[in-house]
file coords-v3.json (JSON, C-alpha atoms)
[["chain", "number", "residue", "atom", "x", "y", "z"],
["A", 1, "MET", "CA", 14.45, 23.56, 5.65],
["A", 2, "ASN", "CA", 11.77, 24.22, 8.25],
["A", 3, "ILE", "CA", 8.08, 23.35, 8.02],
["A", 4, "ASP", "CA", 7.08, 26.79, 6.75],
["A", 5, "GLN", "CA", 9.58, 26.56, 3.90],
["A", 6, "ALA", "CA", 8.39, 23.04, 3.11],
["A", 7, "ALA", "CA", 4.79, 24.33, 3.00],
["A", 8, "MET", "CA", 5.74, 26.89, 0.40],
["A", 9, "VAL", "CA", 7.52, 24.27, -1.72],
["A", 10, "LEU", "CA", 4.97, 21.47, -1.32],
["A", 11, "GLY", "CA", 1.79, 23.50, -1.30],
["A", 12, "PRO", "CA", -0.99, 23.52, 1.32],
["A", 13, "ASP", "CA", -2.70, 20.37, -0.03],
["A", 14, "SER", "CA", 0.39, 18.13, 0.13],
["A", 15, "ALA", "CA", -0.15, 14.78, 1.85],
["A", 16, "LEU", "CA", 3.44, 14.88, 3.07],
["A", 17, "LEU", "CA", 2.91, 18.29, 4.64],
["A", 18, "LYS", "CA", -0.28, 17.09, 6.34],
["A", 19, "GLU", "CA", 1.57, 14.09, 7.77],
["A", 20, "ILE", "CA", 4.41, 16.34, 8.98],
["A", 21, "HIS", "CA", 1.87, 18.61, 10.64],
["A", 22, "ARG", "CA", 0.09, 15.64, 12.26],
["A", 23, "LEU", "CA", 3.37, 14.34, 13.66],
["A", 24, "GLN", "CA", 4.34, 17.82, 14.86],
["A", 25, "VAL", "CA", 1.04, 18.16, 16.72],
["A", 26, "MET", "CA", 1.35, 14.66, 18.12],
["A", 27, "TYR", "CA", 4.87, 15.13, 19.47],
["A", 28, "THR", "CA", 4.42, 18.66, 20.79],
["A", 29, "GLY", "CA", 1.10, 17.94, 22.46],
["A", 30, "ASN", "CA", 0.16, 16.65, 25.85],
["A", 31, "LEU", "CA", 2.13, 13.55, 26.88],
["A", 32, "GLU", "CA", -1.04, 11.79, 28.05],
["A", 33, "GLN", "CA", -2.66, 12.46, 24.68],
["A", 34, "VAL", "CA", 0.41, 11.08, 22.90],
["A", 35, "LYS", "CA", 0.37, 7.97, 25.10],
["A", 36, "ALA", "CA", -3.35, 7.50, 24.51],
["A", 37, "GLU", "CA", -2.89, 7.75, 20.75],
["A", 38, "ALA", "CA", 0.06, 5.35, 20.86],
["A", 39, "ASP", "CA", -2.03, 2.92, 22.92],
["A", 40, "GLN", "CA", -4.83, 3.21, 20.39],
["A", 41, "HIS", "CA", -2.43, 2.51, 17.51],
["A", 42, "THR", "CA", -0.99, -0.45, 19.43],
["A", 43, "ARG", "CA", -4.48, -1.82, 20.06],
["A", 44, "LEU", "CA", -5.33, -1.49, 16.36],
["A", 45, "VAL", "CA", -2.17, -3.36, 15.40],
["A", 46, "LEU", "CA", -2.83, -6.10, 17.97],
["A", 47, "ASP", "CA", -6.44, -6.43, 16.79],
["A", 48, "ALA", "CA", -5.25, -6.71, 13.19],
["A", 49, "LEU", "CA", -2.71, -9.36, 14.18],
["A", 50, "GLN", "CA", -5.38, -11.31, 16.07],
["A", 51, "ALA", "CA", -7.73, -11.11, 13.09],
["A", 52, "ALA", "CA", -4.94, -12.33, 10.80],
["A", 53, "SER", "CA", -4.19, -15.18, 13.20],
["A", 54, "ASP", "CA", -7.87, -16.14, 13.38],
["A", 55, "THR", "CA", -8.10, -16.06, 9.59],
["A", 56, "ALA", "CA", -4.99, -18.21, 9.25],
["A", 57, "ALA", "CA", -6.40, -20.75, 11.72],
["A", 58, "ALA", "CA", -9.70, -20.87, 9.83],
["A", 59, "VAL", "CA", -7.90, -21.35, 6.52],
["A", 60, "LYS", "CA", -5.73, -24.10, 8.01],
["A", 61, "GLU", "CA", -8.83, -25.89, 9.32],
["A", 62, "ALA", "CA", -10.66, -25.52, 6.00],
["A", 63, "VAL", "CA", -7.66, -26.88, 4.08],
["A", 64, "ALA", "CA", -7.37, -29.86, 6.43],
["A", 65, "GLU", "CA", -11.10, -30.61, 6.10],
["A", 66, "ALA", "CA", -10.92, -30.32, 2.31],
["A", 67, "ALA", "CA", -7.93, -32.68, 2.22],
["A", 68, "LEU", "CA", -9.76, -35.25, 4.35],
["A", 69, "ARG", "CA", -12.87, -34.96, 2.15],
["A", 70, "GLN", "CA", -10.76, -35.39, -0.96],
["A", 71, "GLN", "CA", -9.02, -38.41, 0.57],
["A", 72, "ASP", "CA", -12.40, -39.98, 1.41],
["A", 73, "GLU", "CA", -13.65, -39.32, -2.12],
["A", 74, "MET", "CA", -10.51, -40.88, -3.63],
["A", 75, "LEU", "CA", -10.85, -43.97, -1.42],
["A", 76, "ALA", "CA", -14.52, -44.33, -2.37],
["A", 77, "MET", "CA", -13.66, -43.95, -6.06],
["A", 78, "ALA", "CA", -10.87, -46.55, -5.73],
["A", 79, "GLU", "CA", -13.28, -48.96, -4.03],
["A", 80, "ARG", "CA", -15.83, -48.49, -6.82],
["A", 81, "ALA", "CA", -13.19, -48.98, -9.52],
["A", 82, "ALA", "CA", -11.49, -51.98, -7.92],
["A", 83, "PRO", "CA", -12.44, -55.45, -9.17],
["A", 84, "PRO", "CA", -14.38, -57.62, -6.75],
["A", 85, "PRO", "CA", -12.25, -59.78, -4.48],
["A", 86, "PRO", "CA", -11.54, -63.25, -5.84],
["A", 87, "PRO", "CA", -13.55, -66.14, -4.42],
["A", 88, "PRO", "CA", -11.90, -68.03, -1.61],
["A", 89, "ALA", "CA", -9.65, -70.86, -2.71],
["A", 90, "PRO", "CA", -11.11, -74.34, -2.32],
["A", 91, "PRO", "CA", -9.78, -76.23, 0.65],
["A", 92, "SER", "CA", -6.69, -78.26, -0.09],
["A", 93, "ALA", "CA", -7.07, -82.02, -0.43],
["A", 94, "LEU", "CA", -4.11, -82.40, 1.91],
["A", 95, "LEU", "CA", -6.10, -80.85, 4.71],
["A", 96, "ARG", "CA", -8.76, -83.57, 4.38],
["A", 97, "LEU", "CA", -6.33, -86.43, 5.04],
["A", 98, "PRO", "CA", -6.56, -88.07, 8.43],
["A", 99, "ALA", "CA", -3.92, -87.12, 10.94],
["A", 100, "ASN", "CA", -1.13, -89.65, 11.58],
["A", 101, "THR", "CA", -1.13, -90.64, 15.18]]

call {"tool": "encode", "arguments": {"input": "coords-v3.json", "output": "structure tokens"}}
result
Amino acid sequence: MNIDQAAMVLGPDSALLKEIHRLQVMYTGNLEQVKAEADQHTRLVLDALQAASDTAAAVKEAVAEAALRQQDEMLAMAERAAPPPPPPAPPSALLRLPANT
């Protein structure tokens, strides 16, 4: 089936037919134009990948900061909930004996 036959079957408003026509124009056009369009598409993909990478790095940093904040909050809560340290033990009577010389 050629493009004209597909147009009759699909109708003039078909998205598939429009995409077929766009590809036909792209691949039968000027080579420099095709290369320029391919370069533009490549640049868009690379920009999208860079944006995704930047977003992932920002999310990673935010998660790490949130984890550190949560850890600090938990330590502070544990310190508040912990009983006070016991008083120091009185010195042993054995330590007060004179040394044998």

call {"tool": "atom_distance", "arguments": {"input": "coords-v3.json", "atom1": "atom CA of Met26 of chain A", "atom2": "atom CA of Leu44 of chain A"}}
result
17.6 Å

call {"tool": "atom_distance", "arguments": {"input": "coords-v3.json", "atom1": "atom CA of Leu17 of chain A", "atom2": "atom CA of Asp39 of chain A"}}
result
24.4 Å

call {"tool": "atom_distance", "arguments": {"input": "coords-v3.json", "atom1": "atom CA of Ala7 of chain A", "atom2": "atom CA of Glu19 of chain A"}}
result
11.7 Å

call {"tool": "residues_around", "arguments": {"input": "coords-v3.json", "residues": "Ile3 of chain A", "least_positions_apart": "2", "cutoff": "10 Å", "atoms": "only C-alpha atoms", "output": "list in words"}}
result
Met1, Gln5, Ala6, Ala7, Met8, Val9, Leu17, Ile20, His21 and Gln24 of chain A

call {"tool": "axis_aligned_box", "arguments": {"input": "coords-v3.json", "around": "segment 69-83 of chain A", "padding_each_side": "3 Å", "output": "lines of an AutoDock Vina configuration file"}}
result
center_x = -12.4
center_y = -45.2
center_z = -3.7
size_x = 12.8
size_y = 26.5
size_z = 17.7

call {"tool": "build_atoms", "arguments": {"input": "coords-v3.json", "residues": "segment 7-24 of chain A", "atoms": "N, CA and C atoms", "output": "PDB file, in the frame of the given file"}}
result
ATOM      1  N   ALA A   7       6.168  24.022   3.398  1.00  0.00           N
ATOM      2  CA  ALA A   7       4.790  24.330   3.000  1.00  0.00           C
ATOM      3  C   ALA A   7       4.771  25.153   1.729  1.00  0.00           C
ATOM      4  N   MET A   8       5.700  26.076   1.608  1.00  0.00           N
ATOM      5  CA  MET A   8       5.740  26.890   0.400  1.00  0.00           C
ATOM      6  C   MET A   8       6.150  26.045  -0.811  1.00  0.00           C
ATOM      7  N   VAL A   9       7.054  25.102  -0.609  1.00  0.00           N
ATOM      8  CA  VAL A   9       7.520  24.270  -1.720  1.00  0.00           C
ATOM      9  C   VAL A   9       6.468  23.217  -2.087  1.00  0.00           C
ATOM     10  N   LEU A  10       5.891  22.578  -1.079  1.00  0.00           N
ATOM     11  CA  LEU A  10       4.970  21.470  -1.320  1.00  0.00           C
ATOM     12  C   LEU A  10       3.546  21.911  -1.628  1.00  0.00           C
ATOM     13  N   GLY A  11       3.155  23.043  -1.124  1.00  0.00           N
ATOM     14  CA  GLY A  11       1.790  23.500  -1.300  1.00  0.00           C
ATOM     15  C   GLY A  11       0.925  23.069  -0.133  1.00  0.00           C
ATOM     16  N   PRO A  12      -0.177  23.783   0.132  1.00  0.00           N
ATOM     17  CA  PRO A  12      -0.990  23.520   1.320  1.00  0.00           C
ATOM     18  C   PRO A  12      -1.749  22.185   1.269  1.00  0.00           C
ATOM     19  N   ASP A  13      -1.925  21.612   0.091  1.00  0.00           N
ATOM     20  CA  ASP A  13      -2.700  20.370  -0.030  1.00  0.00           C
ATOM     21  C   ASP A  13      -1.820  19.118  -0.066  1.00  0.00           C
ATOM     22  N   SER A  14      -0.540  19.263   0.207  1.00  0.00           N
ATOM     23  CA  SER A  14       0.390  18.130   0.130  1.00  0.00           C
ATOM     24  C   SER A  14       0.119  17.120   1.243  1.00  0.00           C
ATOM     25  N   ALA A  15       0.046  15.850   0.864  1.00  0.00           N
ATOM     26  CA  ALA A  15      -0.150  14.780   1.850  1.00  0.00           C
ATOM     27  C   ALA A  15       1.051  14.695   2.785  1.00  0.00           C
ATOM     28  N   LEU A  16       2.238  14.910   2.242  1.00  0.00           N
ATOM     29  CA  LEU A  16       3.440  14.880   3.070  1.00  0.00           C
ATOM     30  C   LEU A  16       3.408  15.989   4.111  1.00  0.00           C
ATOM     31  N   LEU A  17       2.991  17.166   3.706  1.00  0.00           N
ATOM     32  CA  LEU A  17       2.910  18.290   4.640  1.00  0.00           C
ATOM     33  C   LEU A  17       1.862  18.012   5.725  1.00  0.00           C
ATOM     34  N   LYS A  18       0.757  17.418   5.347  1.00  0.00           N
ATOM     35  CA  LYS A  18      -0.280  17.090   6.340  1.00  0.00           C
ATOM     36  C   LYS A  18       0.242  16.066   7.340  1.00  0.00           C
ATOM     37  N   GLU A  19       1.005  15.085   6.868  1.00  0.00           N
ATOM     38  CA  GLU A  19       1.570  14.090   7.770  1.00  0.00           C
ATOM     39  C   GLU A  19       2.616  14.729   8.689  1.00  0.00           C
ATOM     40  N   ILE A  20       3.429  15.622   8.155  1.00  0.00           N
ATOM     41  CA  ILE A  20       4.410  16.340   8.980  1.00  0.00           C
ATOM     42  C   ILE A  20       3.699  17.137  10.059  1.00  0.00           C
ATOM     43  N   HIS A  21       2.624  17.809   9.675  1.00  0.00           N
ATOM     44  CA  HIS A  21       1.870  18.610  10.640  1.00  0.00           C
ATOM     45  C   HIS A  21       1.242  17.717  11.710  1.00  0.00           C
ATOM     46  N   ARG A  22       0.689  16.570  11.297  1.00  0.00           N
ATOM     47  CA  ARG A  22       0.090  15.640  12.260  1.00  0.00           C
ATOM     48  C   ARG A  22       1.128  15.154  13.254  1.00  0.00           C
ATOM     49  N   LEU A  23       2.305  14.796  12.766  1.00  0.00           N
ATOM     50  CA  LEU A  23       3.370  14.340  13.660  1.00  0.00           C
ATOM     51  C   LEU A  23       3.844  15.460  14.582  1.00  0.00           C
ATOM     52  N   GLN A  24       3.916  16.677  14.043  1.00  0.00           N
ATOM     53  CA  GLN A  24       4.340  17.820  14.860  1.00  0.00           C
ATOM     54  C   GLN A  24       3.346  18.039  16.001  1.00  0.00           C
TER      55      GLN A  24
END
